[in-house]
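Beneath this line is the structure, given in structure tokens, with notes to follow.
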Amino acid sequence: NAAHDVTAFGKGVFGDKRKFEAQAYEGKFRLFDATRGDGVVTYDNTTGTNVDVLSINKMFKDGAAVDAHVNAEKTYDYFKETFGRDSVDDNGQQLISAVHVGENWNNASWNGRQMSYGDGDGERFYPLAGGLDVGAHEMSHGVVQHTAGLIYRNESGALNESYADIFGAMVDRDDWLIGEDIMADGSIALRSLEDPSVIVDERTESGYSPDHWSKRYIGNLDNGGVHINSSINNKAAYLVSEGGEHYGIAVSGVGREATEQIYYRALSFYLTRNSDFSMMRQAAIQAATDLYGSNSAEVQAVTQAYNAVGVY
Ligand SMILES: O=C(O)[C@H](CCc1ccccc1)CC1(C(=O)N[C@@H](Cc2c[nH]c3ccccc23)C(=O)O)CCCC1
Ligand SMILES: [Zn+2]
């Protein structure tokens, strides 16, 4: 008997009720959403199967699997509804997520083909699938890979990272933080786009994430600081959207909707594999000009934001 689509239910990592698309298959239920692109599929890495053997009458019991599945559905919908993009490759590519990867692994990743989530050790992180912005971050690496293809080191890598954070913050839209839901050590988040300097990244001497180009990390840790210097572009994007004064430079924000359109157009039309921060500034100004005109508030906001973080 063939599989058929069902709306299923489950509780996420933190016990919250979730609803999502799955399939009834040979008397069991599997995390395969056939309604989005070529499918959204979520696996338990310890068993290698997407069949939730514990599921009965469409109730799924694996919280990390439920959250990872919903993260992918929501991020698929964000790119489709906001930019008309059909999955990471704009051709419906199947979105694959694996949960319970590693042993209490304190991380998550996009490996070029799929998303993987660790369960965390309960001291630094809770299961990372519990963070919608984490899932959106990982899938956004797939979008970057199929557009500008920003090389994952030094400044192009920091832009790759920044784009994953920006889209992560746009999908998980109620704040400008990354990882706020999955921190087990009492810190507010893994990164803040609003005020990078409030987050300690122990890989830098100062410990703080840079919010100005003059404070960029120069060294070999973290592929040349891709998760560190991303905060410079993150701050710029935050200022474009929300505005504010930064190092004495005032920016009038233009809101999340214009900001996401500007950054997506810059990524998909102007940036390339080796683009650096200066090219990011030019690409965002050009994208804003294309969309809103050269004398627009949007162009002004982008220009001022990059002035404020010291990128020319
Ligand atoms: O996708 C990414 O960029 C991160 C994947 C990192 C990774 C790269 C290559 C192979 C495996 C894992 C995962 C996330 C991340 O930013 N991880 C931080 C975790 C971290 C913060 N501070 C650290 C200090 C040391 C080691 C790790 C960290 C990182 O790997 O940077 C993104 C959202 C949340 C988890
Ligand atoms: Zn990343």
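By convention here, the chains of the structure tokens are called A, B, ... in the order presented, each chain's residues are numbered starting at 1, and ligands are numbered starting at 1 in the order presented.
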
For ligand 2, return the neighbouring residues as an mmCIF file with C-alpha atoms, in the first residue's frame (distance at most 9 Å; only C-alpha atoms and all ligand atoms).
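Okay, this is what ended up in out36.cif:
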data_model
loop_
_atom_site.group_PDB
_atom_site.id
_atom_site.type_symbol
_atom_site.label_atom_id
_atom_site.label_comp_id
_atom_site.auth_asym_id
_atom_site.auth_seq_id
_atom_site.Cartn_x
_atom_site.Cartn_y
_atom_site.Cartn_z
ATOM 1 C CA ALA A 108 24.686 21.629 14.242
ATOM 2 C CA SER A 109 25.756 21.877 10.606
ATOM 3 C CA TRP A 110 24.982 21.988 6.883
ATOM 4 C CA VAL A 134 19.433 27.242 14.127
ATOM 5 C CA HIS A 137 20.701 29.188 9.747
ATOM 6 C CA GLU A 138 21.681 25.727 8.497
ATOM 7 C CA SER A 140 20.410 29.240 4.617
ATOM 8 C CA HIS A 141 23.931 27.867 4.129
ATOM 9 C CA ASN A 160 28.445 33.283 4.401
ATOM 10 C CA GLU A 161 27.988 33.049 8.156
ATOM 11 C CA SER A 162 26.334 36.469 8.360
ATOM 12 C CA TYR A 163 23.782 35.534 5.684
ATOM 13 C CA ALA A 164 22.928 32.376 7.628
ATOM 14 C CA ASP A 165 22.417 34.486 10.768
ATOM 15 C CA VAL A 226 33.874 33.176 10.062
ATOM 16 C CA HIS A 227 31.620 32.978 13.168
#

Enumerate the residues of segment 88-302 of chain A with a DSSP assignment of strand (DSSP E), computed from the backbone, and present them as a ChimeraX atom specification.
-> /A:95-99,108-110,115-117,177-178,191-192,244-246,249-251

Which one is closest to Ser187 of chain A: A:Ala237, A:Gly243, A:Ser214, A:Arg124? Count only C-alpha atoms.
-> A:Arg124

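Counting from atom 28 (C, counted along the ligand's line) of ligand 1, the distance to atom CA of Ala72 of chain A is 22.5 Å.
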
Any idea what's packed within 6 Å of Gly12 of chain A, counting only C-alpha atoms, ignoring anything in its chain fewer than 5 positions away? Could you give it as an NGL selection string?
-> :A and (63 or 66-67)

Could the residues in this selection be saved with all heavy atoms as a PDB file, in the first residue's frame?
ATOM      1  N   GLY A  63      11.139  14.560  20.154  1.00  0.00           N
ATOM      2  CA  GLY A  63      11.080  16.027  20.169  1.00  0.00           C
ATOM      3  C   GLY A  63      12.049  16.680  19.209  1.00  0.00           C
ATOM      4  O   GLY A  63      11.698  17.629  18.502  1.00  0.00           O
ATOM      5  N   VAL A  66      10.804  16.161  15.685  1.00  0.00           N
ATOM      6  CA  VAL A  66       9.638  17.024  15.432  1.00  0.00           C
ATOM      7  C   VAL A  66      10.089  18.454  15.165  1.00  0.00           C
ATOM      8  O   VAL A  66       9.683  19.074  14.180  1.00  0.00           O
ATOM      9  CB  VAL A  66       8.671  16.956  16.641  1.00  0.00           C
ATOM     10  CG1 VAL A  66       7.666  18.098  16.611  1.00  0.00           C
ATOM     11  CG2 VAL A  66       7.951  15.608  16.680  1.00  0.00           C
ATOM     12  N   ASP A  67      10.963  18.989  16.001  1.00  0.00           N
ATOM     13  CA  ASP A  67      11.410  20.385  15.829  1.00  0.00           C
ATOM     14  C   ASP A  67      12.227  20.563  14.551  1.00  0.00           C
ATOM     15  O   ASP A  67      12.029  21.529  13.813  1.00  0.00           O
ATOM     16  CB  ASP A  67      12.240  20.832  17.041  1.00  0.00           C
ATOM     17  CG  ASP A  67      11.369  21.299  18.205  1.00  0.00           C
ATOM     18  OD1 ASP A  67      10.191  21.651  17.967  1.00  0.00           O
ATOM     19  OD2 ASP A  67      11.866  21.302  19.345  1.00  0.00           O
TER      20      ASP A  67
END

Which residues come within 12 Å of Asn233 of chain A, counting only C-alpha atoms, excluding same-chain residues fewer than 6 positions away, as a ChimeraX atom specification?
-> /A:155-166,192-196,209-213,216,226-227,239-240,263,276-281,284,302,305-311

Hey, can you check how far atom CA of Asp201 of chain A sits from atom CA of Ile228 of chain A?
->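 Straight-line distance from atom CA of Asp201 of chain A to atom CA of Ile228 of chain A works out to 7.2 Å.
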
In Å, with one decimal, what is the gap from atom CA of Tyr238 of chain A to atom 15 (C, counted along the ligand's line) of ligand 1?
-> 18.9 Å

From the set A:Ala24, A:Ile182, A:Ala98, A:Val88, which residue has the shortest atom-to-atom contact distance to Tyr43 of chain A, counting only C-alpha atoms?
-> A:Ala98

Assign secondary structure with DSSP using the backbone only, and return the residues of segment 77-255 of chain A in alpha helix (DSSP H) as a PyMOL selection string.
-> chain A and resi 77-83+132-145+154-171+221-225+230-242+255

Shortest interatomic distance to ligand 1 - which of A:Val254, A:Lys235, A:Met170, A:Leu128, counting only C-alpha atoms and all ligand atoms | A:Leu128

Gly135 of chain A environment, 8 Å, only C-alpha atoms, sequence neighbours closer than 2 positions dropped, as a VMD selection string | chain A and resid 68 71 to 72 75 115 129 131 to 133 137 to 139 168

Selected residues written out with N, CA, C and O atoms, as an mmCIF file, in the first residue's frame:
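Below is the file that was written, selection_10.cif:
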data_model
loop_
_atom_site.group_PDB
_atom_site.id
_atom_site.type_symbol
_atom_site.label_atom_id
_atom_site.label_comp_id
_atom_site.auth_asym_id
_atom_site.auth_seq_id
_atom_site.Cartn_x
_atom_site.Cartn_y
_atom_site.Cartn_z
ATOM 1 N N ALA A 68 13.098 19.609 14.267
ATOM 2 C CA ALA A 68 13.910 19.724 13.040
ATOM 3 C C ALA A 68 13.005 19.743 11.817
ATOM 4 O O ALA A 68 13.198 20.528 10.888
ATOM 5 N N ASN A 71 11.200 23.069 11.696
ATOM 6 C CA ASN A 71 12.168 24.109 11.291
ATOM 7 C C ASN A 71 12.315 24.145 9.773
ATOM 8 O O ASN A 71 12.303 25.196 9.140
ATOM 9 N N ALA A 72 12.452 22.950 9.181
ATOM 10 C CA ALA A 72 12.682 22.872 7.730
ATOM 11 C C ALA A 72 11.431 23.313 6.966
ATOM 12 O O ALA A 72 11.516 24.058 5.985
ATOM 13 N N THR A 75 11.198 27.140 7.245
ATOM 14 C CA THR A 75 12.218 27.842 6.482
ATOM 15 C C THR A 75 11.965 27.688 4.989
ATOM 16 O O THR A 75 12.136 28.638 4.221
ATOM 17 N N MET A 115 21.040 18.965 6.707
ATOM 18 C CA MET A 115 21.214 19.570 8.024
ATOM 19 C C MET A 115 21.433 18.466 9.046
ATOM 20 O O MET A 115 20.854 17.377 8.921
ATOM 21 N N ALA A 129 18.153 21.282 17.664
ATOM 22 C CA ALA A 129 16.963 21.322 16.796
ATOM 23 C C ALA A 129 15.859 22.161 17.437
ATOM 24 O O ALA A 129 14.965 22.649 16.740
ATOM 25 N N GLY A 131 16.009 25.056 18.292
ATOM 26 C CA GLY A 131 16.109 26.461 17.885
ATOM 27 C C GLY A 131 15.685 26.634 16.438
ATOM 28 O O GLY A 131 16.392 26.178 15.527
ATOM 29 N N LEU A 132 14.558 27.323 16.213
ATOM 30 C CA LEU A 132 14.131 27.577 14.826
ATOM 31 C C LEU A 132 15.203 28.350 14.074
ATOM 32 O O LEU A 132 15.504 28.064 12.904
ATOM 33 N N ASP A 133 15.855 29.295 14.745
ATOM 34 C CA ASP A 133 16.882 30.093 14.057
ATOM 35 C C ASP A 133 18.102 29.242 13.705
ATOM 36 O O ASP A 133 18.805 29.525 12.729
ATOM 37 N N HIS A 137 19.288 28.883 10.012
ATOM 38 C CA HIS A 137 20.701 29.188 9.747
ATOM 39 C C HIS A 137 21.299 28.092 8.863
ATOM 40 O O HIS A 137 21.933 28.365 7.838
ATOM 41 N N GLU A 138 21.052 26.837 9.236
ATOM 42 C CA GLU A 138 21.681 25.727 8.497
ATOM 43 C C GLU A 138 21.157 25.653 7.069
ATOM 44 O O GLU A 138 21.919 25.512 6.111
ATOM 45 N N MET A 139 19.833 25.793 6.913
ATOM 46 C CA MET A 139 19.288 25.723 5.553
ATOM 47 C C MET A 139 19.743 26.912 4.707
ATOM 48 O O MET A 139 19.977 26.775 3.496
ATOM 49 N N GLY A 168 18.377 33.499 9.494
ATOM 50 C CA GLY A 168 17.940 32.843 10.729
ATOM 51 C C GLY A 168 17.103 33.778 11.577
ATOM 52 O O GLY A 168 16.045 33.397 12.092
#

Go through A:Ile178, A:Leu271, A:Leu150, A:Val13 one by one, measure the shortest atom-to-atom distance of each to ligand 1 using only C-alpha atoms and all ligand atoms, and give the residue with the smallest value.
->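 Of the candidates, the smallest distance to ligand 1 is held by A:Ile178.
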
Tell me which protein, DNA and RNA residues are within 6 Å of segment 3-6 of chain A, counting only C-alpha atoms, leaving out same-chain ones fewer than 3 positions away, and put them as a list in words.
->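 Close residues of segment 3-6 of chain A: Glu21, Ala22, Gln23, Ala24 and Tyr25 of chain A.
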